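Read the structure below first, then the notes.
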Amino acid sequence: MQVSKDSTYRLSNFLGFPSAVDERDACGVGFIAQINHTSSRKIVSSALNALECMEHRGGCSSDGQSGDGSGITTNIPWDLLSYSYPDIKCFDRSSLAIAMIFIAPENIDYVKALFEWVLPQYKLNILYWRLVPINSSVLGKNAADNEPYIVQCIVNGSNIESHKLESILYIVRKKIEKVVSNTSSEVYRQFYVCSFSSKLITYKGMVRSETLSKYYLDLQEDNFVSSFAIYHRRFSTNTMPKWSLAQPMRLIAHNGEINTLMGNLNWTKSREPLFQDGFWQNYSDELVPITNLFNSDSANLDSVVELLIQSGKDPEEALMILIPEAYNNQPFIKSSPEIRDFYEFHGNLQEPWDGPALVVFSDGNKVGATLDRNGLRPARYSVTTDGLITLSSEVGITCTDSNNIMHKGRLGPGQMISVDLINSLILENMIIKKAVAKKLPYGLWLSKYKVHLDNQSHNNLDENNYLSYISRLHTAYGYSNEDVELVIEHMASSAKEPTFCMGDDIPLSVLSTKPQIVYSYFKQRFAQVTNPAIDPLRESLVMSLVTNLGPKFNYLEPNEIMARSITINSPVINDKELKLISKSIFNVLFIKTYFKLEKSLDSFDEKIVLICKECVEAINKGTSIIVLTDRMESFDKDSIFIPPLLVVGAVHHYLIKNGLRDKVSLIVETGQCWNTHHFACLIGYGASAVCPYLAFATVSNWWQNSKTQKLMTNGKLPKIDLQKSQENYRKAIEKGLLKILSKMGICLISSYHGAQIFEILGLGRDIVDLCFLNTTSRLSGISFKELFKQSLLNYKSSVVPELPKKLPNLGYVQYRPGAEYHVNNPEMSKTLHKSVRNSDPSLYNRYKDLLQNRNPSNLRDLLEISSEKDPININNVQSTESILHTFCTGGMSLGALSRETHETLAIAMNRMGGKSNSGEGGEDLVRFKPIQDIDVEGVSKSFPHIKGLNYNDLASSAIKQIASGRFGVTPEYLVNAKQLEIKIAQGAKPGEGGQLPGKKVSPYIATLRNCKPGVTLISPPPHHDIYSIEDLAQLIFDLHQINPNAKISVKLVASVGIGTIAAGVVKGNADIIQVSGHDGGTGASPLSSIKHAGVPWELGLTEVHQTLVENDLRNNITLRVDGGLRTGRDIVLAAIMGAQEFGFGTIAMIATGCVMARICHTNNCPVGVATQRQDLRNRYPGIPGDLVNFFTYMAEEVREILATLGYQSLQEIVGLTSLLKFNKHSLVKTNNLDLGIILNYKDSNKLLKSYDGVHSNGLVLDDIILKDSNIINAINSQLNFTTNLSVLNVDRSVGARISGFISKKYGEKSFQGSLQINFSGTAGQSFGSFICNGMYLNLVGDANDYVGKGMNGGEIIVSPQPQYKKQASDFVIIGNTCLYGATGGYLFVNGQAGERFAVRNSSAEAIIEGVGDHACEYMTGGLIVVLGVAGRNIAAGMTGGLAYFLDESEDFVDKVNLEIVRVQRVLTKESEDQLLHLIELYEIKTKSLKARDILDNWEYYRVRFWQIVPPSEENTPLTNVDFSSYAGIIK
């Protein structure tokens, strides 16, 4: 449903719609089905038991009893209902249906009357109204406060043809919903139909798993039977109780998140006129709206699935259309081109609903499940010999007879499984897809009507008056010298985006006094916690920029003409390609977006509306592609162009409103588009393709320049021709687009198209309502008239008689005197250096004045602090020491920083009682003990590089970070932390991974990170064990296990919706949430990420604090903030907005000597702060005392402000927003900024209690083991110990607490004892995580995700039950992301694993008999042997270690990502011995029949092994015959 402009305007502090911002969730989900049997009670009871076994995957409200939601969908229990209503037996059951309804008690008569009025219109008769038996006493307070009245309406449809009944019920429900919505919004708000069907029924609510059957008494009845059941346990990051959002929905149960939701909703709205024809032409009014902006992503996906199924499509086909697999280069479908044809045909008509998703579905005839294209959710299944099929997010949750299992498997990326309940068939992935794809001749249609346009060469421009002409264009369209030289020219020469460092420290665009173009007011949104970012570098096989041009059609009834389209390789096109498109198969119209200036004209809006109307007229005349162009035939000083982003956004929404959007594709031809962010904005607001003619001309101009040619000749630039430079530029833009898509977790440009995944900072509502409808815009700001005025001034600067020789350098990137203001400027830095080195408070005051007496740069600069209380004596204010305890340094890794800087920060923070943060690079073990060998000059033999030491100084970082790369994360590292920080995102580049250039990976850094010296290190964008909120909860659980005394913090970056994410983090049992602003520093990042992602911490912190207060979660957490904090005033402001602790990054570095050279990424820091070069590190000037001085001055400033305000402590002002007032600075650009989003909250201070505890995991299996005096004695005396135990899926992180106990006592490698623990059953997540030397875990059974995560030593063996030894090679017995971040030990698995096996393994050795996609990704060391099947994208980003894969099907090489590694046979005697000995050990440990066969037939199998060799391992005896002691033995 498209919300009107007026409605948008009334939402004065618009955060975005709940579906796009608030309603995020994850969960556990599954189904059970039985074929070849009648319906049974066993199915229902097994589903309820499974639900209870996944309680840990769900969330609870603040009362601890109200669940985020759980539910079950089954066949309709007619036996149960006929017991109450015997007359039902008189009817044919196939003609009966039942509605399950939530309603407020006071509205029941209204709803009954409505049903009785509507149903007869569709030949339906109401038989009975049934009040559903419930037990409300089991509800928690929050659920009880929102409990609906629950009734069932039983109807008879015997006058309707049976095959039409479900569709009529669908239309009737839609009609009733529409009537209620249009007549009474209050009734509609509390009205919800859970299901209305003749085949299935849904029981659900805001209850915990175990409560569901206690609440719904029907579920306890023996005659409640079914042939299938879908079940779902919800973990929502929106904690407001909403019974309707519990799942299953009507046809699906969804574990995941739809990242493209706003685009999907807009495009669905645009297709409504198409869908109203054909099948639904008699019900066109009832059909719409199909979706609803105010519903969750799951509810909206369910609505579209429902439309497709009720239109006659099978559930499998519907989900293949909406959630397609990554079919390019997919080995499974090479022999089935019809599947590819199906996807290509529908790819032009329906954009994917993209995001991590396990979707379980049923229409009552079939039940099944499908997984997203990247396999980002677990889905394990088993099939028994008696026809019982179970699929779930976890194994071990159903009571299946362990003696009759026929198969154990998993869904891989994009795969599907289905059970045909009518015909008693189990349908596997390829059978399903072949059957669907062969229904129609899609391939024939595509070959007949589809046109593919390949990339064309670029125009060669002559030089007649070219230089002066292009300079005018640059000026007119807003280019600066930095845009040309730092961005465009860099991309043209290197095919990469420019890399920069140190974050963004210039004013927000709306606060800047310098000209800014419209794009700069948009901030890209990104994935964090509820869904993962995608890895565009290593997992690009699931991503695509392929774009389809042309009108769309009603694919509910497909025909050959719908294949008519033009396909281009990417949305970035050049002049020749645009010309070919304009002469191809569609009518194309060019519409000018510039106009003659008139004196009376003072705004763009009228001209924009005229263009919108011109587009409508063109479409009605048959135009299928509209090119919006600002290209002038010659430069015209009397004309001005409309910023292209305004035009395309306005036209896009205007056409949606008028029901015409799907009839046309929009192409933008513009001079004002040159970097990746510009392209992303244009595409995100509706452009199918962009022709950046001026950017391409700029590349040509650069290449033709004599200076460029000289640099190429001298070898200082790559020697390339003009065509190559143009292609480089395009390639850089395309790579950048993929990165922007990936940071939001989106794989396809077609899903990003029109999705408007941005937040606006500083544009007025008139602009937003016309051009960017429904985009989050919380600050209001510049109006159309103000924007026109600024644009006109900028344009007029291009028409002066004589332009400067060079474009102006406005200093947006690098500091320049007289250009854009940078907070971190030389004067500020020098003043601070003098202050701390000379212990001079007066210089600190000077530093403070420089930061406060200036034009506004941040939102907080627009705020004043005022109190009605009288000032108090400063002696009555909390001490400096206690304030210092709230200070922390940011997560800056050893590697990004020099050893001197990193250790100085840690020592200083420990000295003053604050906390330093290790960052993601690990720490030297020597730092974990106090420094006591100090001479009179403050120098230590252990730390000779640090000056100014005191006795008992400690260099250990109190906060130790766990980032996606898991560098240096060992048990000893974890147990020596006071806090463990999970770095979800980084302020300077949210949604992206870290990177450490190879030149900074010295031998010392490589040792700490378990990698190879000189090799660039990249952290994956996602944590591979955090694909959802329940995954984050599991990692928090893991860390509480290994170090129960450490607080667990989660680092988030400010973005709209962060409050709801934070609520989920609190429910995940974190102790601290850190909110980072967009302006944080970084050692290396793409420039566009630094500039265009994230929002100010003032917005994020306020949202988090208020959301947690409103949901009664605030007192369960400590809130920390960081991002550009520099003064005591900043601290006080942050406290008022909700912060209790405060983080400092860049400013702490400056205090210890950083001079802001902004070359951190080059390893050439001139003062040794951010380099590994010893010659530069010798220049390091800092001592711990400098940082102590700085923070002491800041704490004293805080005390002075508190005394002036009349408060004794920071805690007294936390959440006291009444102290804030808007300081109405006279801004250059607008006076329409609205900070109500910060100011308009009630004081919450009195509701707060200071939280300082550590959350517990409760009693766990490791605790029970450690209560055994025999094992404690074995640990203390380093003896051997053996025990046997049963294990269940609810026993998670088994072994981690024992490892922590040992590591704390003995360190990493010193324990000499042996603990042999034998388990039987099904282990929960993270089995054997972080185990250390001396621990031997043997599991007979199955395990879930994350087996061996972070293991550092010892051994894990997983084997099937003895009766399944023969099938072991074909059984999946462990889950996804096993051995992630392992730093040692052995893992032997007699069976298969899921996706992402051994990601970031650095030292462990493992053998397994089958793996999924992405195995050995980012490996830096260790040894992996795979004796069976393997998925795609093997060894992507692998820089160290070795891997051996047995290739019996001769298809292995095509599955390897060869970007870094090479593949070869086993060439040397050393490598043969290595492989053979490990297989022998594996066979002894597991009794694997596969291993025995290989050993017995070694000569046959040896030649079928491939060895994967990264560059760092190339010249060793294991990989190179020339280095072998047995050269020539193996050929």
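Every chain in the structure tokens takes a letter, A first, then B, and so on in the order presented; its residues are numbered from 1, and the ligands are numbered from 1 following the presented order.
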> So which residues touch A:Val304 within 10 Å, counting only C-alpha atoms, skipping near sequence neighbours fewer than 6 positions away, as an MDAnalysis selection string?
Replying inline: chainID A and resid 264:265 268 290:291 310 318:319 322
Written selection (C-alpha atoms) as a short mmCIF file (atom, residue, chain, number, x, y, z; two decimals), in the first residue's frame:
data_model
loop_
_atom_site.label_atom_id
_atom_site.label_comp_id
_atom_site.auth_asym_id
_atom_site.auth_seq_id
_atom_site.Cartn_x
_atom_site.Cartn_y
_atom_site.Cartn_z
CA ASN A 264 9.50 -4.98 -3.24
CA LEU A 265 6.52 -3.09 -1.82
CA THR A 268 4.21 -4.79 -5.98
CA ILE A 290 -1.73 -6.80 -2.01
CA THR A 291 0.85 -5.70 0.56
CA GLN A 310 -4.28 -18.49 -5.05
CA ALA A 318 5.75 -19.22 -6.33
CA LEU A 319 8.89 -19.35 -4.20
CA LEU A 322 10.16 -14.71 -5.48
#
> Hey, what's within 8 Å of A:Ile1117 if we count only C-alpha atoms and toss same-chain stuff fewer than 5 positions away? As a list in words, please?
Replying inline: Val1066, Ala1070, Asp1071, Ile1072, Ile1073 and Tyr1251 of chain A
> Tell me, which residues of stretch 40-184 of chain A carry DSSP alpha helix (DSSP H), written as a PyMOL selection string?
Replying inline: chain A and resi 41-53+78-84+108-118+141-145+165-183
Write out, as an mmCIF file, in the first residue's frame, the residues just selected, with C-alpha atoms.
data_model
loop_
_atom_site.group_PDB
_atom_site.id
_atom_site.type_symbol
_atom_site.label_atom_id
_atom_site.label_comp_id
_atom_site.auth_asym_id
_atom_site.auth_seq_id
_atom_site.Cartn_x
_atom_site.Cartn_y
_atom_site.Cartn_z
ATOM 1 C CA ARG A 41 -1.555 -37.152 16.939
ATOM 2 C CA LYS A 42 2.156 -37.965 16.760
ATOM 3 C CA ILE A 43 2.747 -35.256 14.144
ATOM 4 C CA VAL A 44 1.196 -32.540 16.307
ATOM 5 C CA SER A 45 2.894 -33.605 19.528
ATOM 6 C CA SER A 46 6.266 -33.957 17.738
ATOM 7 C CA ALA A 47 5.919 -30.449 16.315
ATOM 8 C CA LEU A 48 5.101 -29.027 19.745
ATOM 9 C CA ASN A 49 8.096 -30.844 21.214
ATOM 10 C CA ALA A 50 10.333 -29.536 18.424
ATOM 11 C CA LEU A 51 9.100 -26.046 19.149
ATOM 12 C CA GLU A 52 10.067 -26.397 22.800
ATOM 13 C CA CYS A 53 13.530 -27.663 21.837
ATOM 14 C CA TRP A 78 -12.236 -31.754 12.024
ATOM 15 C CA ASP A 79 -12.415 -34.714 14.444
ATOM 16 C CA LEU A 80 -11.901 -32.309 17.332
ATOM 17 C CA LEU A 81 -14.430 -29.817 15.986
ATOM 18 C CA SER A 82 -17.040 -32.449 15.210
ATOM 19 C CA TYR A 83 -16.921 -33.518 18.843
ATOM 20 C CA SER A 84 -18.297 -30.069 19.747
ATOM 21 C CA ILE A 108 -16.710 -9.158 18.205
ATOM 22 C CA ASP A 109 -20.317 -8.265 17.327
ATOM 23 C CA TYR A 110 -19.107 -5.884 14.627
ATOM 24 C CA VAL A 111 -16.911 -8.572 13.088
ATOM 25 C CA LYS A 112 -19.611 -11.228 13.236
ATOM 26 C CA ALA A 113 -22.049 -8.895 11.509
ATOM 27 C CA LEU A 114 -19.471 -8.113 8.841
ATOM 28 C CA PHE A 115 -18.808 -11.812 8.155
ATOM 29 C CA GLU A 116 -22.539 -12.483 7.977
ATOM 30 C CA TRP A 117 -22.917 -9.652 5.445
ATOM 31 C CA VAL A 118 -19.929 -10.478 3.230
ATOM 32 C CA LYS A 141 2.182 -9.639 31.610
ATOM 33 C CA ASN A 142 3.034 -8.053 28.254
ATOM 34 C CA ALA A 143 1.234 -10.751 26.294
ATOM 35 C CA ALA A 144 -1.774 -10.629 28.619
ATOM 36 C CA ASP A 145 -2.050 -6.865 28.262
ATOM 37 C CA LEU A 165 -12.818 -22.658 -2.795
ATOM 38 C CA GLU A 166 -9.385 -21.556 -1.513
ATOM 39 C CA SER A 167 -9.264 -18.630 -3.958
ATOM 40 C CA ILE A 168 -12.765 -17.504 -2.940
ATOM 41 C CA LEU A 169 -11.815 -17.705 0.738
ATOM 42 C CA TYR A 170 -8.764 -15.569 -0.070
ATOM 43 C CA ILE A 171 -10.896 -12.919 -1.773
ATOM 44 C CA VAL A 172 -13.482 -12.968 1.030
ATOM 45 C CA ARG A 173 -10.798 -12.394 3.637
ATOM 46 C CA LYS A 174 -9.312 -9.563 1.578
ATOM 47 C CA LYS A 175 -12.777 -8.015 1.212
ATOM 48 C CA ILE A 176 -13.434 -8.185 4.964
ATOM 49 C CA GLU A 177 -10.030 -6.695 5.780
ATOM 50 C CA LYS A 178 -10.616 -3.871 3.324
ATOM 51 C CA VAL A 179 -14.068 -3.069 4.734
ATOM 52 C CA VAL A 180 -12.745 -3.016 8.295
ATOM 53 C CA SER A 181 -9.772 -0.860 7.276
ATOM 54 C CA ASN A 182 -11.971 1.645 5.444
ATOM 55 C CA THR A 183 -14.688 1.891 8.099
#
>> What's the separation between atom CA of A:Asp1413 and atom CA of A:Gly1440, in Å to one decimal place?
In response: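 Atom CA of A:Gly1440 lies at a distance of 18.9 Å from atom CA of A:Asp1413.
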> Restricting the calculation to only C-alpha atoms, which member of A:Ser544, A:Asn853, A:Asn701, A:Ser1089 is positioned closest to A:Cys747?
Replying inline: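 Among the listed residues, the smallest separation from A:Cys747 belongs to A:Ser544.
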> When distances are computed from only C-alpha atoms, which of A:Leu1202, A:Ala896, A:Ala1343, A:Ala1046 shows the smallest separation from A:Pro871?
Replying inline: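 Comparing A:Leu1202, A:Ala896, A:Ala1343, A:Ala1046 against A:Pro871, the winner is A:Leu1202.
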> Excluding same-chain residues fewer than 6 positions from A:Asp277, what lies within 10 Å of it counting only C-alpha atoms, as an MDAnalysis selection string?
Replying inline: chainID A and resid 283:284 554 556:557
Write to file, as a compact mmCIF listing (two decimals), in the first residue's frame, the residues of the selection just made, with all heavy atoms.
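Generated output (result08.txt):
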# COMPACT_ATOMS: atom_id res chain seq x y z
N TYR A 283 -12.60 -9.82 -9.49
CA TYR A 283 -12.41 -9.47 -8.08
C TYR A 283 -11.35 -8.38 -7.94
O TYR A 283 -10.63 -8.31 -6.96
CB TYR A 283 -11.98 -10.70 -7.28
CG TYR A 283 -12.92 -11.87 -7.41
CD1 TYR A 283 -12.58 -12.97 -8.21
CD2 TYR A 283 -14.14 -11.88 -6.76
CE1 TYR A 283 -13.43 -14.05 -8.35
CE2 TYR A 283 -15.01 -12.97 -6.88
CZ TYR A 283 -14.66 -14.04 -7.68
OH TYR A 283 -15.51 -15.10 -7.80
N SER A 284 -11.24 -7.53 -8.94
CA SER A 284 -10.13 -6.57 -8.98
C SER A 284 -10.15 -5.62 -7.79
O SER A 284 -9.11 -5.24 -7.27
CB SER A 284 -10.16 -5.78 -10.29
OG SER A 284 -11.40 -5.10 -10.41
N ASN A 554 1.90 -9.14 -16.51
CA ASN A 554 1.24 -9.92 -15.47
C ASN A 554 1.70 -11.38 -15.55
O ASN A 554 1.14 -12.18 -16.27
CB ASN A 554 -0.28 -9.84 -15.63
CG ASN A 554 -1.01 -10.68 -14.60
OD1 ASN A 554 -0.42 -11.16 -13.64
ND2 ASN A 554 -2.31 -10.85 -14.80
N LEU A 556 1.34 -13.70 -13.60
CA LEU A 556 0.43 -14.71 -13.07
C LEU A 556 -0.10 -15.59 -14.19
O LEU A 556 -0.47 -16.75 -13.96
CB LEU A 556 -0.74 -14.04 -12.33
CG LEU A 556 -0.38 -13.19 -11.11
CD1 LEU A 556 -1.63 -12.59 -10.50
CD2 LEU A 556 0.38 -14.01 -10.07
N GLU A 557 -0.14 -15.05 -15.40
CA GLU A 557 -0.58 -15.80 -16.57
C GLU A 557 0.45 -15.59 -17.68
O GLU A 557 0.24 -14.81 -18.61
CB GLU A 557 -1.97 -15.34 -17.00
CG GLU A 557 -3.02 -15.53 -15.91
CD GLU A 557 -4.35 -14.92 -16.26
OE1 GLU A 557 -4.92 -15.31 -17.30
OE2 GLU A 557 -4.83 -14.06 -15.50
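Using only C-alpha atoms, the shortest contact distance between A:Ser797 and any of A:Gly818, A:Pro331, A:Pro515, A:Gly396 is found at A:Pro515.
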Any idea what's packed within 7 Å of A:Met502, counting only C-alpha atoms, ignoring anything in its chain fewer than 4 positions away? Could you give it as a short mmCIF file (atom, residue, chain, number, x, y, z; two decimals) with all heavy atoms, in the first residue's frame?
data_model
loop_
_atom_site.label_atom_id
_atom_site.label_comp_id
_atom_site.auth_asym_id
_atom_site.auth_seq_id
_atom_site.Cartn_x
_atom_site.Cartn_y
_atom_site.Cartn_z
N GLY A 1081 36.90 6.80 13.06
CA GLY A 1081 38.11 6.64 12.26
C GLY A 1081 38.26 5.23 11.73
O GLY A 1081 37.54 4.31 12.09
N THR A 1082 39.22 5.06 10.83
CA THR A 1082 39.55 3.75 10.30
C THR A 1082 40.96 3.77 9.75
O THR A 1082 41.44 4.82 9.31
CB THR A 1082 38.56 3.34 9.18
OG1 THR A 1082 38.97 2.07 8.65
CG2 THR A 1082 38.55 4.35 8.04
N GLY A 1083 41.60 2.60 9.76
CA GLY A 1083 42.93 2.52 9.19
C GLY A 1083 42.93 2.47 7.67
O GLY A 1083 43.87 2.93 7.05
N ARG A 1158 46.90 11.38 7.61
CA ARG A 1158 45.87 10.67 6.83
C ARG A 1158 46.49 9.75 5.78
O ARG A 1158 46.02 9.67 4.65
CB ARG A 1158 44.90 11.67 6.18
CG ARG A 1158 44.13 12.52 7.19
CD ARG A 1158 43.25 13.53 6.49
NE ARG A 1158 42.69 14.50 7.42
CZ ARG A 1158 41.50 14.39 8.02
NH1 ARG A 1158 40.76 13.34 7.78
NH2 ARG A 1158 41.08 15.32 8.85
#
> Got a sec: who's within 9 Å of A:Gly157, counting only C-alpha atoms, leaving out chain neighbours fewer than 4 positions off, as a PyMOL selection string?
Replying inline: chain A and resi 94-97+122-125+161-162+165
Serialized selection, N, CA and C atoms, as a PDB file, in the first residue's frame:
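Ended up saving to part-v3.pdb:
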ATOM      1  N   SER A  94     -14.547 -31.467   2.320  1.00  0.00           N
ATOM      2  CA  SER A  94     -13.842 -30.677   1.311  1.00  0.00           C
ATOM      3  C   SER A  94     -14.548 -29.353   1.025  1.00  0.00           C
ATOM      4  N   SER A  95     -15.798 -29.230   1.478  1.00  0.00           N
ATOM      5  CA  SER A  95     -16.534 -27.979   1.258  1.00  0.00           C
ATOM      6  C   SER A  95     -16.533 -27.082   2.486  1.00  0.00           C
ATOM      7  N   LEU A  96     -15.951 -27.564   3.589  1.00  0.00           N
ATOM      8  CA  LEU A  96     -15.923 -26.788   4.830  1.00  0.00           C
ATOM      9  C   LEU A  96     -14.626 -25.996   4.935  1.00  0.00           C
ATOM     10  N   ALA A  97     -14.712 -24.887   5.637  1.00  0.00           N
ATOM     11  CA  ALA A  97     -13.523 -24.063   5.885  1.00  0.00           C
ATOM     12  C   ALA A  97     -13.657 -23.421   7.257  1.00  0.00           C
ATOM     13  N   TYR A 122     -20.561 -14.368  -1.601  1.00  0.00           N
ATOM     14  CA  TYR A 122     -19.644 -15.259  -2.307  1.00  0.00           C
ATOM     15  C   TYR A 122     -20.062 -16.728  -2.157  1.00  0.00           C
ATOM     16  N   LYS A 123     -21.351 -16.944  -1.859  1.00  0.00           N
ATOM     17  CA  LYS A 123     -21.933 -18.289  -1.757  1.00  0.00           C
ATOM     18  C   LYS A 123     -21.355 -19.095  -0.603  1.00  0.00           C
ATOM     19  N   LEU A 124     -20.993 -18.415   0.461  1.00  0.00           N
ATOM     20  CA  LEU A 124     -20.508 -19.081   1.663  1.00  0.00           C
ATOM     21  C   LEU A 124     -21.526 -18.915   2.780  1.00  0.00           C
ATOM     22  N   ASN A 125     -21.734 -19.999   3.535  1.00  0.00           N
ATOM     23  CA  ASN A 125     -22.675 -19.951   4.654  1.00  0.00           C
ATOM     24  C   ASN A 125     -21.946 -20.177   5.955  1.00  0.00           C
ATOM     25  N   GLU A 161     -17.282 -24.599  -6.545  1.00  0.00           N
ATOM     26  CA  GLU A 161     -16.456 -25.697  -7.049  1.00  0.00           C
ATOM     27  C   GLU A 161     -15.242 -25.866  -6.143  1.00  0.00           C
ATOM     28  N   SER A 162     -14.928 -27.104  -5.789  1.00  0.00           N
ATOM     29  CA  SER A 162     -13.904 -27.378  -4.782  1.00  0.00           C
ATOM     30  C   SER A 162     -12.551 -26.779  -5.151  1.00  0.00           C
ATOM     31  N   LEU A 165     -12.448 -23.066  -4.147  1.00  0.00           N
ATOM     32  CA  LEU A 165     -12.818 -22.658  -2.795  1.00  0.00           C
ATOM     33  C   LEU A 165     -11.730 -21.838  -2.113  1.00  0.00           C
TER      34      LEU A 165
END
Residues within 6 Å of stretch 561-576 of chain A, only C-alpha atoms, excluding chain neighbours under 6 positions, as a short mmCIF file (atom, residue, chain, number, x, y, z; two decimals) with N, CA, C and O atoms, in the first residue's frame:
data_model
loop_
_atom_site.label_atom_id
_atom_site.label_comp_id
_atom_site.auth_asym_id
_atom_site.auth_seq_id
_atom_site.Cartn_x
_atom_site.Cartn_y
_atom_site.Cartn_z
N PHE A 345 13.44 -15.81 -17.44
CA PHE A 345 12.14 -15.30 -17.86
C PHE A 345 11.50 -14.49 -16.73
O PHE A 345 11.06 -13.35 -16.92
N TRP A 445 10.76 -18.94 -25.83
CA TRP A 445 10.27 -17.56 -25.75
C TRP A 445 11.44 -16.58 -25.64
O TRP A 445 11.45 -15.53 -26.28
N LEU A 446 12.42 -16.92 -24.80
CA LEU A 446 13.56 -16.02 -24.60
C LEU A 446 14.37 -15.88 -25.89
O LEU A 446 14.81 -14.77 -26.24
N TYR A 449 12.41 -13.46 -28.24
CA TYR A 449 12.06 -12.08 -27.91
C TYR A 449 13.12 -11.32 -27.10
O TYR A 449 13.09 -10.09 -27.07
N LYS A 450 14.02 -12.01 -26.48
CA LYS A 450 14.97 -11.32 -25.60
C LYS A 450 16.18 -10.83 -26.39
O LYS A 450 16.74 -11.56 -27.21
N VAL A 451 16.59 -9.60 -26.15
CA VAL A 451 17.77 -9.01 -26.79
C VAL A 451 18.84 -8.79 -25.72
O VAL A 451 18.56 -8.17 -24.69
N HIS A 452 20.03 -9.29 -25.96
CA HIS A 452 21.14 -9.06 -25.03
C HIS A 452 22.11 -8.06 -25.64
O HIS A 452 22.55 -8.22 -26.78
N LEU A 453 22.43 -7.03 -24.90
CA LEU A 453 23.33 -5.98 -25.37
C LEU A 453 24.67 -6.10 -24.64
O LEU A 453 24.75 -5.90 -23.43
N LEU A 545 24.88 -7.75 -11.47
CA LEU A 545 24.44 -6.42 -11.87
C LEU A 545 23.63 -6.46 -13.16
O LEU A 545 23.28 -5.40 -13.70
N VAL A 546 23.32 -7.64 -13.64
CA VAL A 546 22.56 -7.77 -14.89
C VAL A 546 21.21 -7.06 -14.74
O VAL A 546 20.50 -7.22 -13.74
N THR A 547 20.88 -6.26 -15.74
CA THR A 547 19.68 -5.40 -15.70
C THR A 547 18.82 -5.66 -16.92
O THR A 547 19.32 -5.79 -18.03
N ASN A 548 17.50 -5.73 -16.69
CA ASN A 548 16.54 -5.90 -17.77
C ASN A 548 15.80 -4.59 -18.02
O ASN A 548 15.34 -3.95 -17.08
N LEU A 549 15.70 -4.22 -19.28
CA LEU A 549 14.99 -3.01 -19.67
C LEU A 549 13.72 -3.37 -20.44
O LEU A 549 13.70 -4.34 -21.20
N GLY A 550 12.70 -2.57 -20.23
CA GLY A 550 11.45 -2.77 -20.96
C GLY A 550 10.27 -2.88 -20.01
O GLY A 550 10.43 -2.94 -18.79
N ALA A 689 19.15 2.21 -15.55
CA ALA A 689 20.52 2.35 -16.05
C ALA A 689 20.90 3.82 -16.00
O ALA A 689 20.04 4.72 -15.99
N VAL A 690 22.21 4.07 -15.96
CA VAL A 690 22.74 5.43 -15.88
C VAL A 690 23.86 5.58 -16.90
O VAL A 690 24.78 4.75 -16.94
N CYS A 691 23.77 6.62 -17.69
CA CYS A 691 24.85 6.96 -18.63
C CYS A 691 25.53 8.22 -18.11
O CYS A 691 25.03 9.33 -18.29
#
>> Restricting the calculation to only C-alpha atoms: of A:Ala1148, A:Leu694, A:Leu301, A:Leu1458, which residue gets closest to A:His902?
In response: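 Looking at the shortest contact to A:His902, the residue is A:Ala1148.
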> Using only C-alpha atoms, which residues sit within 8 Å of A:Pro536 once same-chain residues fewer than 3 positions away are excluded, as an MDAnalysis selection string?
Replying inline: chainID A and resid 539:540 543 738:739 742
> Of the residues A:Val668, A:Val877, A:Val367, A:Met262, which is the one nearest to A:Ile422, using only C-alpha atoms?
Replying inline: A:Val367
Per residue of stretch 989-1025 of chain A within 10 Å of stretch 968-978 of chain A, record the nearest atom pair and its distance in Å to one decimal, counting only C-alpha atoms, with rows in chain order and ascending residue number, as a tab-separated table.
residue	atom	partner	partner_atom	distance
A:Ile1005	CA	A:Gly968	CA	9.8
A:Ala1006	CA	A:Gly968	CA	9.6
A:Thr1007	CA	A:Gly968	CA	8.7
A:Leu1008	CA	A:Gly968	CA	5.7
A:Arg1009	CA	A:Gly968	CA	4.7
A:Asn1010	CA	A:Gly968	CA	6.8
A:Cys1011	CA	A:Gly968	CA	9.7
